[in-house]
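Structure first, commentary second.
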Amino acid sequence: MTNTVSDIKAIWEDKAQSLGDDPHCTLPDYNLRHLEAQYIMRHLQPGDHALDIGCGNGTTTVQFAEHVEHIIGGDYAPTMIEKAKELHLRDNVEYQVLDILKIDAPDEAFDTVITERCIINLPDWETQKDSIREVARVLKPGGRFLMCESYEEAMVKFSALRESYGLSPMVRHENNYLIREEWLTEFLPELFTIDAVEKMGMYYMVSRIAHPLFVAP
């Protein structure tokens, strides 16, 4: 059965209620979270008005706040926003319940929009494209979309590699619909100029294959 947007929102609301105090509740791999945050922060500028959408409990939003003038952390799970306000306050941070498909902001409101595995929590490619169009709407001319998402092709490749070494395939989460790189590469130039692409392939080779083979046993 295919999840709807409401189904996925309910999954995250449940996680927020049970794990919302955990800084890694939206991504247990804290090394990967650190690598992603470092990459994003290299592209932030001191005068930015930024939006971090799909912010969870604000763990990385408050880090991004150190590099911008003002940032809004938005999430469609209300309990995540409650936890963010409890755990990660800062003078230049604001948290709001927001839906990436209908962002409560005027056109051209932000210098930078950030997503970290937010778009893959939408149920299909058409809905994902709608979310990217909405991001483009709220960005100023020349603004930056810093997008950390996950490819279906990478999932298939690393699952096959793991199985070739006798490991179990990669875990697929019920709330994720991974983006096809081919589709995204074709679609993005309709809205953006792609300035940089950074992949985490080496990290996945070490953490998903080398570590379980040589360290975990």
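Residue numbering restarts at 1 for every chain of the structure tokens, chains are lettered A, B, ... in their displayed order, and ligands are numbered from 1 as they appear.
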
**Request:** Name the residues in contact with Ile179 in chain A at a cut-off of 8 Å, using only C-alpha atoms, excluding same-chain residues fewer than 6 positions from it; report them as a PyMOL selection string.
**Result:** chain A and resi 120+125+149-152

**Message:** What's around range 18-26 of chain A at 12 Å? Count only C-alpha atoms, leave out sequence neighbours fewer than 4 positions away in its own chain, and write the answer as a PyMOL selection string.
**Reply:** chain A and resi 11-14+30-34+54-62+75+77-88+116-118+121+173+175

Selection to disk with C-alpha atoms, as a PDB file, in the first residue's frame:
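So result-v4.pdb came out as:
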```pdb
ATOM      1  CA  ILE A  11       4.634   8.457  11.230  1.00  0.00           C
ATOM      2  CA  TRP A  12       6.775  11.484  12.081  1.00  0.00           C
ATOM      3  CA  GLU A  13       4.331  12.734  14.668  1.00  0.00           C
ATOM      4  CA  ASP A  14       4.566   9.344  16.397  1.00  0.00           C
ATOM      5  CA  TYR A  30      25.114  10.922  13.570  1.00  0.00           C
ATOM      6  CA  ASN A  31      28.301  10.789  11.472  1.00  0.00           C
ATOM      7  CA  LEU A  32      26.284  11.255   8.287  1.00  0.00           C
ATOM      8  CA  ARG A  33      24.310  14.076   9.918  1.00  0.00           C
ATOM      9  CA  HIS A  34      27.600  15.800  10.788  1.00  0.00           C
ATOM     10  CA  GLY A  54      11.793  19.321   7.522  1.00  0.00           C
ATOM     11  CA  CYS A  55      13.836  20.509  10.500  1.00  0.00           C
ATOM     12  CA  GLY A  56      12.663  17.831  12.948  1.00  0.00           C
ATOM     13  CA  ASN A  57      13.528  18.819  16.509  1.00  0.00           C
ATOM     14  CA  GLY A  58      15.936  21.540  15.386  1.00  0.00           C
ATOM     15  CA  THR A  59      19.222  19.713  16.021  1.00  0.00           C
ATOM     16  CA  THR A  60      20.910  21.011  12.863  1.00  0.00           C
ATOM     17  CA  THR A  61      18.802  24.154  12.462  1.00  0.00           C
ATOM     18  CA  VAL A  62      20.416  25.672  15.528  1.00  0.00           C
ATOM     19  CA  ASP A  75       8.292  20.864  10.049  1.00  0.00           C
ATOM     20  CA  ALA A  77       4.841  17.364  12.595  1.00  0.00           C
ATOM     21  CA  PRO A  78       3.634  19.738  15.355  1.00  0.00           C
ATOM     22  CA  THR A  79       5.321  17.760  18.128  1.00  0.00           C
ATOM     23  CA  MET A  80       8.677  18.081  16.332  1.00  0.00           C
ATOM     24  CA  ILE A  81       8.263  21.858  16.421  1.00  0.00           C
ATOM     25  CA  GLU A  82       7.313  21.752  20.109  1.00  0.00           C
ATOM     26  CA  LYS A  83      10.498  19.771  20.824  1.00  0.00           C
ATOM     27  CA  ALA A  84      12.603  22.176  18.747  1.00  0.00           C
ATOM     28  CA  LYS A  85      11.302  25.112  20.788  1.00  0.00           C
ATOM     29  CA  GLU A  86      12.124  23.268  24.004  1.00  0.00           C
ATOM     30  CA  LEU A  87      15.583  22.055  23.004  1.00  0.00           C
ATOM     31  CA  HIS A  88      17.170  24.402  20.475  1.00  0.00           C
ATOM     32  CA  GLU A 116      17.673  17.176   4.573  1.00  0.00           C
ATOM     33  CA  ARG A 117      15.775  14.027   3.587  1.00  0.00           C
ATOM     34  CA  CYS A 118      12.565  16.041   3.610  1.00  0.00           C
ATOM     35  CA  ASN A 121       9.268  11.843   2.834  1.00  0.00           C
ATOM     36  CA  HIS A 173      11.942   2.872   5.503  1.00  0.00           C
ATOM     37  CA  ASN A 175       7.982   6.626   4.995  1.00  0.00           C
TER      38      ASN A 175
END
```

Residues of range 18-125 of chain A in helix (DSSP H, G or I), written as an mmCIF file with all heavy atoms, in the first residue's frame:
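Final file, result.cif:
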```cif
data_model
loop_
_atom_site.group_PDB
_atom_site.id
_atom_site.type_symbol
_atom_site.label_atom_id
_atom_site.label_comp_id
_atom_site.auth_asym_id
_atom_site.auth_seq_id
_atom_site.Cartn_x
_atom_site.Cartn_y
_atom_site.Cartn_z
ATOM 1 N N SER A 18 7.650 9.880 20.706
ATOM 2 C CA SER A 18 8.412 8.837 21.404
ATOM 3 C C SER A 18 9.905 9.132 21.477
ATOM 4 O O SER A 18 10.573 8.727 22.438
ATOM 5 C CB SER A 18 8.205 7.485 20.708
ATOM 6 O OG SER A 18 8.645 7.530 19.360
ATOM 7 N N LEU A 19 10.455 9.854 20.475
ATOM 8 C CA LEU A 19 11.906 10.043 20.393
ATOM 9 C C LEU A 19 12.315 11.502 20.245
ATOM 10 O O LEU A 19 13.487 11.793 19.995
ATOM 11 C CB LEU A 19 12.461 9.263 19.185
ATOM 12 C CG LEU A 19 12.263 7.745 19.190
ATOM 13 C CD1 LEU A 19 12.656 7.170 17.836
ATOM 14 C CD2 LEU A 19 13.078 7.092 20.296
ATOM 15 N N TYR A 30 24.680 9.573 13.206
ATOM 16 C CA TYR A 30 25.114 10.922 13.570
ATOM 17 C C TYR A 30 26.361 11.356 12.798
ATOM 18 O O TYR A 30 26.604 12.552 12.628
ATOM 19 C CB TYR A 30 25.352 11.043 15.074
ATOM 20 C CG TYR A 30 26.256 10.007 15.679
ATOM 21 C CD1 TYR A 30 27.633 10.154 15.665
ATOM 22 C CD2 TYR A 30 25.714 8.871 16.277
ATOM 23 C CE1 TYR A 30 28.460 9.203 16.224
ATOM 24 C CE2 TYR A 30 26.539 7.901 16.840
ATOM 25 C CZ TYR A 30 27.915 8.075 16.812
ATOM 26 O OH TYR A 30 28.723 7.116 17.361
ATOM 27 N N ASN A 31 27.161 10.416 12.315
ATOM 28 C CA ASN A 31 28.301 10.789 11.472
ATOM 29 C C ASN A 31 27.830 11.372 10.141
ATOM 30 O O ASN A 31 28.364 12.382 9.665
ATOM 31 C CB ASN A 31 29.189 9.570 11.215
ATOM 32 C CG ASN A 31 29.871 9.079 12.472
ATOM 33 O OD1 ASN A 31 30.536 9.835 13.160
ATOM 34 N ND2 ASN A 31 29.685 7.812 12.780
ATOM 35 N N LEU A 32 26.833 10.744 9.541
ATOM 36 C CA LEU A 32 26.284 11.255 8.287
ATOM 37 C C LEU A 32 25.640 12.620 8.507
ATOM 38 O O LEU A 32 25.812 13.539 7.689
ATOM 39 C CB LEU A 32 25.260 10.270 7.722
ATOM 40 C CG LEU A 32 24.584 10.681 6.410
ATOM 41 C CD1 LEU A 32 25.604 10.898 5.301
ATOM 42 C CD2 LEU A 32 23.552 9.628 5.992
ATOM 43 N N ARG A 33 24.920 12.781 9.609
ATOM 44 C CA ARG A 33 24.310 14.076 9.918
ATOM 45 C C ARG A 33 25.390 15.163 9.998
ATOM 46 O O ARG A 33 25.213 16.271 9.496
ATOM 47 C CB ARG A 33 23.541 14.002 11.234
ATOM 48 C CG ARG A 33 22.910 15.333 11.638
ATOM 49 C CD ARG A 33 22.296 15.248 13.018
ATOM 50 N NE ARG A 33 21.136 14.395 13.055
ATOM 51 C CZ ARG A 33 19.919 14.783 12.665
ATOM 52 N NH1 ARG A 33 19.721 16.002 12.209
ATOM 53 N NH2 ARG A 33 18.907 13.951 12.749
ATOM 54 N N HIS A 34 26.512 14.832 10.649
ATOM 55 C CA HIS A 34 27.600 15.800 10.788
ATOM 56 C C HIS A 34 28.177 16.170 9.419
ATOM 57 O O HIS A 34 28.417 17.355 9.133
ATOM 58 C CB HIS A 34 28.696 15.224 11.684
ATOM 59 C CG HIS A 34 29.899 16.094 11.804
ATOM 60 N ND1 HIS A 34 29.920 17.246 12.556
ATOM 61 C CD2 HIS A 34 31.133 15.989 11.231
ATOM 62 C CE1 HIS A 34 31.119 17.810 12.460
ATOM 63 N NE2 HIS A 34 31.863 17.071 11.674
ATOM 64 N N LEU A 35 28.402 15.181 8.561
ATOM 65 C CA LEU A 35 28.947 15.449 7.240
ATOM 66 C C LEU A 35 28.008 16.336 6.436
ATOM 67 O O LEU A 35 28.441 17.291 5.767
ATOM 68 C CB LEU A 35 29.184 14.138 6.491
ATOM 69 C CG LEU A 35 30.342 13.269 6.971
ATOM 70 C CD1 LEU A 35 30.312 11.915 6.267
ATOM 71 C CD2 LEU A 35 31.674 13.966 6.722
ATOM 72 N N GLU A 36 26.712 16.038 6.486
ATOM 73 C CA GLU A 36 25.738 16.839 5.755
ATOM 74 C C GLU A 36 25.709 18.272 6.274
ATOM 75 O O GLU A 36 25.674 19.235 5.496
ATOM 76 C CB GLU A 36 24.351 16.213 5.874
ATOM 77 C CG GLU A 36 24.196 14.927 5.098
ATOM 78 C CD GLU A 36 22.815 14.317 5.248
ATOM 79 O OE1 GLU A 36 22.023 14.795 6.081
ATOM 80 O OE2 GLU A 36 22.529 13.350 4.517
ATOM 81 N N ALA A 37 25.692 18.420 7.592
ATOM 82 C CA ALA A 37 25.635 19.760 8.184
ATOM 83 C C ALA A 37 26.866 20.577 7.800
ATOM 84 O O ALA A 37 26.761 21.772 7.485
ATOM 85 C CB ALA A 37 25.504 19.661 9.701
ATOM 86 N N GLN A 38 28.043 19.941 7.803
ATOM 87 C CA GLN A 38 29.261 20.648 7.425
ATOM 88 C C GLN A 38 29.198 21.116 5.976
ATOM 89 O O GLN A 38 29.614 22.231 5.639
ATOM 90 C CB GLN A 38 30.485 19.740 7.639
ATOM 91 C CG GLN A 38 30.800 19.440 9.088
ATOM 92 C CD GLN A 38 31.136 20.693 9.881
ATOM 93 O OE1 GLN A 38 31.936 21.511 9.451
ATOM 94 N NE2 GLN A 38 30.502 20.858 11.027
ATOM 95 N N TYR A 39 28.661 20.268 5.112
ATOM 96 C CA TYR A 39 28.529 20.642 3.700
ATOM 97 C C TYR A 39 27.582 21.828 3.550
ATOM 98 O O TYR A 39 27.877 22.804 2.847
ATOM 99 C CB TYR A 39 28.023 19.453 2.883
ATOM 100 C CG TYR A 39 27.794 19.806 1.436
ATOM 101 C CD1 TYR A 39 28.870 20.003 0.565
ATOM 102 C CD2 TYR A 39 26.508 19.960 0.933
ATOM 103 C CE1 TYR A 39 28.666 20.347 -0.759
ATOM 104 C CE2 TYR A 39 26.301 20.305 -0.391
ATOM 105 C CZ TYR A 39 27.369 20.501 -1.229
ATOM 106 O OH TYR A 39 27.164 20.856 -2.537
ATOM 107 N N ILE A 40 26.443 21.775 4.218
ATOM 108 C CA ILE A 40 25.469 22.865 4.125
ATOM 109 C C ILE A 40 26.056 24.166 4.647
ATOM 110 O O ILE A 40 25.911 25.231 4.020
ATOM 111 C CB ILE A 40 24.184 22.485 4.894
ATOM 112 C CG1 ILE A 40 23.423 21.386 4.140
ATOM 113 C CG2 ILE A 40 23.279 23.707 5.109
ATOM 114 C CD1 ILE A 40 22.316 20.742 4.939
ATOM 115 N N MET A 41 26.730 24.102 5.780
ATOM 116 C CA MET A 41 27.232 25.327 6.395
ATOM 117 C C MET A 41 28.294 26.023 5.540
ATOM 118 O O MET A 41 28.465 27.237 5.635
ATOM 119 C CB MET A 41 27.742 25.040 7.806
ATOM 120 C CG MET A 41 26.605 24.746 8.782
ATOM 121 S SD MET A 41 27.098 24.575 10.517
ATOM 122 C CE MET A 41 27.892 22.971 10.503
ATOM 123 N N THR A 61 19.230 22.770 12.703
ATOM 124 C CA THR A 61 18.802 24.154 12.462
ATOM 125 C C THR A 61 19.571 25.121 13.339
ATOM 126 O O THR A 61 20.019 26.180 12.884
ATOM 127 C CB THR A 61 17.292 24.299 12.743
ATOM 128 O OG1 THR A 61 16.563 23.298 12.047
ATOM 129 C CG2 THR A 61 16.797 25.671 12.318
ATOM 130 N N VAL A 62 19.731 24.767 14.604
ATOM 131 C CA VAL A 62 20.416 25.672 15.528
ATOM 132 C C VAL A 62 21.906 25.785 15.188
ATOM 133 O O VAL A 62 22.535 26.819 15.461
ATOM 134 C CB VAL A 62 20.175 25.220 16.986
ATOM 135 C CG1 VAL A 62 21.014 23.983 17.339
ATOM 136 C CG2 VAL A 62 20.432 26.352 17.959
ATOM 137 N N GLN A 63 22.473 24.770 14.555
ATOM 138 C CA GLN A 63 23.851 24.876 14.068
ATOM 139 C C GLN A 63 23.927 25.824 12.872
ATOM 140 O O GLN A 63 24.844 26.662 12.790
ATOM 141 C CB GLN A 63 24.383 23.502 13.669
ATOM 142 C CG GLN A 63 24.490 22.506 14.798
ATOM 143 C CD GLN A 63 24.963 21.149 14.292
ATOM 144 O OE1 GLN A 63 25.934 21.054 13.533
ATOM 145 N NE2 GLN A 63 24.280 20.088 14.693
ATOM 146 N N PHE A 64 22.965 25.699 11.960
ATOM 147 C CA PHE A 64 22.950 26.589 10.799
ATOM 148 C C PHE A 64 22.793 28.045 11.233
ATOM 149 O O PHE A 64 23.309 28.952 10.586
ATOM 150 C CB PHE A 64 21.805 26.212 9.856
ATOM 151 C CG PHE A 64 21.830 24.799 9.350
ATOM 152 C CD1 PHE A 64 20.650 24.141 9.013
ATOM 153 C CD2 PHE A 64 23.027 24.112 9.203
ATOM 154 C CE1 PHE A 64 20.667 22.851 8.542
ATOM 155 C CE2 PHE A 64 23.050 22.797 8.727
ATOM 156 C CZ PHE A 64 21.857 22.173 8.401
ATOM 157 N N ALA A 65 22.081 28.266 12.332
ATOM 158 C CA ALA A 65 21.815 29.623 12.808
ATOM 159 C C ALA A 65 23.089 30.384 13.132
ATOM 160 O O ALA A 65 23.103 31.625 13.095
ATOM 161 C CB ALA A 65 20.910 29.575 14.035
ATOM 162 N N GLU A 66 24.157 29.674 13.438
ATOM 163 C CA GLU A 66 25.427 30.328 13.753
ATOM 164 C C GLU A 66 26.058 30.986 12.527
ATOM 165 O O GLU A 66 26.987 31.782 12.655
ATOM 166 C CB GLU A 66 26.403 29.311 14.342
ATOM 167 C CG GLU A 66 25.931 28.688 15.651
ATOM 168 C CD GLU A 66 26.897 27.632 16.167
ATOM 169 O OE1 GLU A 66 28.025 27.552 15.617
ATOM 170 O OE2 GLU A 66 26.530 26.900 17.095
ATOM 171 N N HIS A 67 25.537 30.672 11.331
ATOM 172 C CA HIS A 67 26.167 31.124 10.091
ATOM 173 C C HIS A 67 25.271 32.047 9.264
ATOM 174 O O HIS A 67 25.660 32.427 8.154
ATOM 175 C CB HIS A 67 26.554 29.905 9.246
ATOM 176 C CG HIS A 67 27.498 28.975 9.951
ATOM 177 N ND1 HIS A 67 28.869 29.111 9.882
ATOM 178 C CD2 HIS A 67 27.257 27.907 10.765
ATOM 179 C CE1 HIS A 67 29.434 28.159 10.606
ATOM 180 N NE2 HIS A 67 28.484 27.418 11.154
ATOM 181 N N PRO A 78 3.683 18.723 14.295
ATOM 182 C CA PRO A 78 3.634 19.738 15.355
ATOM 183 C C PRO A 78 4.479 19.406 16.573
ATOM 184 O O PRO A 78 5.085 20.296 17.177
ATOM 185 C CB PRO A 78 2.137 19.802 15.704
ATOM 186 C CG PRO A 78 1.437 19.363 14.459
ATOM 187 C CD PRO A 78 2.337 18.319 13.852
ATOM 188 N N THR A 79 4.542 18.123 16.942
ATOM 189 C CA THR A 79 5.321 17.760 18.128
ATOM 190 C C THR A 79 6.810 17.967 17.891
ATOM 191 O O THR A 79 7.557 18.296 18.821
ATOM 192 C CB THR A 79 5.027 16.308 18.551
ATOM 193 O OG1 THR A 79 3.624 16.175 18.794
ATOM 194 C CG2 THR A 79 5.778 15.940 19.814
ATOM 195 N N MET A 80 7.281 17.782 16.642
ATOM 196 C CA MET A 80 8.677 18.081 16.332
ATOM 197 C C MET A 80 8.974 19.558 16.600
ATOM 198 O O MET A 80 10.017 19.911 17.171
ATOM 199 C CB MET A 80 8.998 17.745 14.873
ATOM 200 C CG MET A 80 9.166 16.275 14.579
ATOM 201 S SD MET A 80 10.652 15.575 15.357
ATOM 202 C CE MET A 80 10.614 13.920 14.626
ATOM 203 N N ILE A 81 8.061 20.426 16.202
ATOM 204 C CA ILE A 81 8.263 21.858 16.421
ATOM 205 C C ILE A 81 8.224 22.187 17.908
ATOM 206 O O ILE A 81 9.020 23.007 18.402
ATOM 207 C CB ILE A 81 7.222 22.669 15.632
ATOM 208 C CG1 ILE A 81 7.442 22.492 14.124
ATOM 209 C CG2 ILE A 81 7.267 24.145 16.017
ATOM 210 C CD1 ILE A 81 8.819 22.927 13.637
ATOM 211 N N GLU A 82 7.341 21.545 18.654
ATOM 212 C CA GLU A 82 7.313 21.752 20.109
ATOM 213 C C GLU A 82 8.653 21.364 20.728
ATOM 214 O O GLU A 82 9.196 22.083 21.590
ATOM 215 C CB GLU A 82 6.196 20.922 20.732
ATOM 216 C CG GLU A 82 4.791 21.395 20.390
ATOM 217 C CD GLU A 82 3.723 20.444 20.911
ATOM 218 O OE1 GLU A 82 4.062 19.574 21.746
ATOM 219 O OE2 GLU A 82 2.568 20.564 20.471
ATOM 220 N N LYS A 83 9.207 20.225 20.287
ATOM 221 C CA LYS A 83 10.498 19.771 20.824
ATOM 222 C C LYS A 83 11.618 20.738 20.431
ATOM 223 O O LYS A 83 12.513 21.018 21.228
ATOM 224 C CB LYS A 83 10.807 18.366 20.313
ATOM 225 C CG LYS A 83 9.876 17.290 20.841
ATOM 226 C CD LYS A 83 10.010 17.122 22.349
ATOM 227 C CE LYS A 83 9.145 15.998 22.857
ATOM 228 N NZ LYS A 83 9.248 15.839 24.335
ATOM 229 N N ALA A 84 11.573 21.236 19.190
ATOM 230 C CA ALA A 84 12.603 22.176 18.747
ATOM 231 C C ALA A 84 12.601 23.432 19.627
ATOM 232 O O ALA A 84 13.654 23.941 20.011
ATOM 233 C CB ALA A 84 12.373 22.549 17.284
ATOM 234 N N LYS A 85 11.407 23.916 19.946
ATOM 235 C CA LYS A 85 11.302 25.112 20.788
ATOM 236 C C LYS A 85 11.802 24.843 22.206
ATOM 237 O O LYS A 85 12.345 25.739 22.858
ATOM 238 C CB LYS A 85 9.855 25.589 20.818
ATOM 239 C CG LYS A 85 9.372 26.178 19.500
ATOM 240 C CD LYS A 85 7.900 26.569 19.578
ATOM 241 C CE LYS A 85 7.430 27.194 18.269
ATOM 242 N NZ LYS A 85 5.993 27.554 18.313
ATOM 243 N N GLU A 86 11.639 23.619 22.667
ATOM 244 C CA GLU A 86 12.124 23.268 24.004
ATOM 245 C C GLU A 86 13.639 23.101 24.044
ATOM 246 O O GLU A 86 14.303 23.491 25.013
ATOM 247 C CB GLU A 86 11.481 21.952 24.464
ATOM 248 C CG GLU A 86 9.997 22.017 24.751
ATOM 249 C CD GLU A 86 9.424 20.632 25.048
ATOM 250 O OE1 GLU A 86 10.223 19.691 25.237
ATOM 251 O OE2 GLU A 86 8.195 20.489 25.080
ATOM 252 N N LEU A 87 14.196 22.523 22.964
ATOM 253 C CA LEU A 87 15.583 22.055 23.004
ATOM 254 C C LEU A 87 16.586 22.996 22.351
ATOM 255 O O LEU A 87 17.756 23.014 22.751
ATOM 256 C CB LEU A 87 15.674 20.687 22.308
ATOM 257 C CG LEU A 87 14.873 19.536 22.923
ATOM 258 C CD1 LEU A 87 14.859 18.352 21.962
ATOM 259 C CD2 LEU A 87 15.473 19.138 24.255
ATOM 260 N N ILE A 119 12.288 15.834 1.212
ATOM 261 C CA ILE A 119 11.538 15.560 -0.016
ATOM 262 C C ILE A 119 11.303 14.065 -0.195
ATOM 263 O O ILE A 119 10.274 13.654 -0.737
ATOM 264 C CB ILE A 119 12.264 16.190 -1.215
ATOM 265 C CG1 ILE A 119 12.200 17.728 -1.080
ATOM 266 C CG2 ILE A 119 11.652 15.757 -2.539
ATOM 267 C CD1 ILE A 119 13.048 18.472 -2.065
ATOM 268 N N ILE A 120 12.226 13.224 0.289
ATOM 269 C CA ILE A 120 12.000 11.778 0.177
ATOM 270 C C ILE A 120 10.886 11.306 1.108
ATOM 271 O O ILE A 120 10.459 10.153 1.023
ATOM 272 C CB ILE A 120 13.283 10.958 0.422
ATOM 273 C CG1 ILE A 120 13.832 11.168 1.835
ATOM 274 C CG2 ILE A 120 14.317 11.265 -0.643
ATOM 275 C CD1 ILE A 120 14.952 10.210 2.207
ATOM 276 N N ASN A 121 10.407 12.180 1.988
ATOM 277 C CA ASN A 121 9.268 11.843 2.834
ATOM 278 C C ASN A 121 7.948 12.313 2.216
ATOM 279 O O ASN A 121 6.984 12.590 2.924
ATOM 280 C CB ASN A 121 9.454 12.445 4.227
ATOM 281 C CG ASN A 121 10.363 11.595 5.085
ATOM 282 O OD1 ASN A 121 9.942 10.606 5.666
ATOM 283 N ND2 ASN A 121 11.634 11.976 5.140
ATOM 284 N N TRP A 125 6.885 10.911 -7.047
ATOM 285 C CA TRP A 125 7.703 11.878 -7.759
ATOM 286 C C TRP A 125 6.922 13.142 -8.117
ATOM 287 O O TRP A 125 7.455 14.257 -8.061
ATOM 288 C CB TRP A 125 8.311 11.231 -8.995
ATOM 289 C CG TRP A 125 9.075 12.147 -9.908
ATOM 290 C CD1 TRP A 125 8.924 12.285 -11.246
ATOM 291 C CD2 TRP A 125 10.157 13.037 -9.561
ATOM 292 N NE1 TRP A 125 9.812 13.202 -11.760
ATOM 293 C CE2 TRP A 125 10.580 13.676 -10.731
ATOM 294 C CE3 TRP A 125 10.794 13.353 -8.355
ATOM 295 C CZ2 TRP A 125 11.615 14.621 -10.757
ATOM 296 C CZ3 TRP A 125 11.816 14.291 -8.373
ATOM 297 C CH2 TRP A 125 12.214 14.913 -9.550
#
```

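When CA of Leu178 in chain A is paired with CA of Ala16 in chain A, their separation reads 21.8 Å.
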
**Item:** Ser207 in chain A environment, 12 Å, only C-alpha atoms, sequence neighbours closer than 6 positions dropped, as an NGL selection string
**Value:** :A and (29-32 or 158 or 162 or 170 or 200-201 or 213-216)

**Request:** Could you tell me which of A:Leu139, A:Leu27, A:Gln17, A:Leu146 comes closest to Glu108 in chain A if we count only C-alpha atoms?
**Result:** A:Leu139

**Residue among A:Asp104, A:Gly142, A:Thr112, A:Tyr76 lying closest to Pro46 in chain A, counting only C-alpha atoms** = A:Thr112

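Nearest to Lys129 in chain A of all the residues A:Leu98, A:Leu191, A:Ile103, A:Met202 is A:Leu191, counting only C-alpha atoms.
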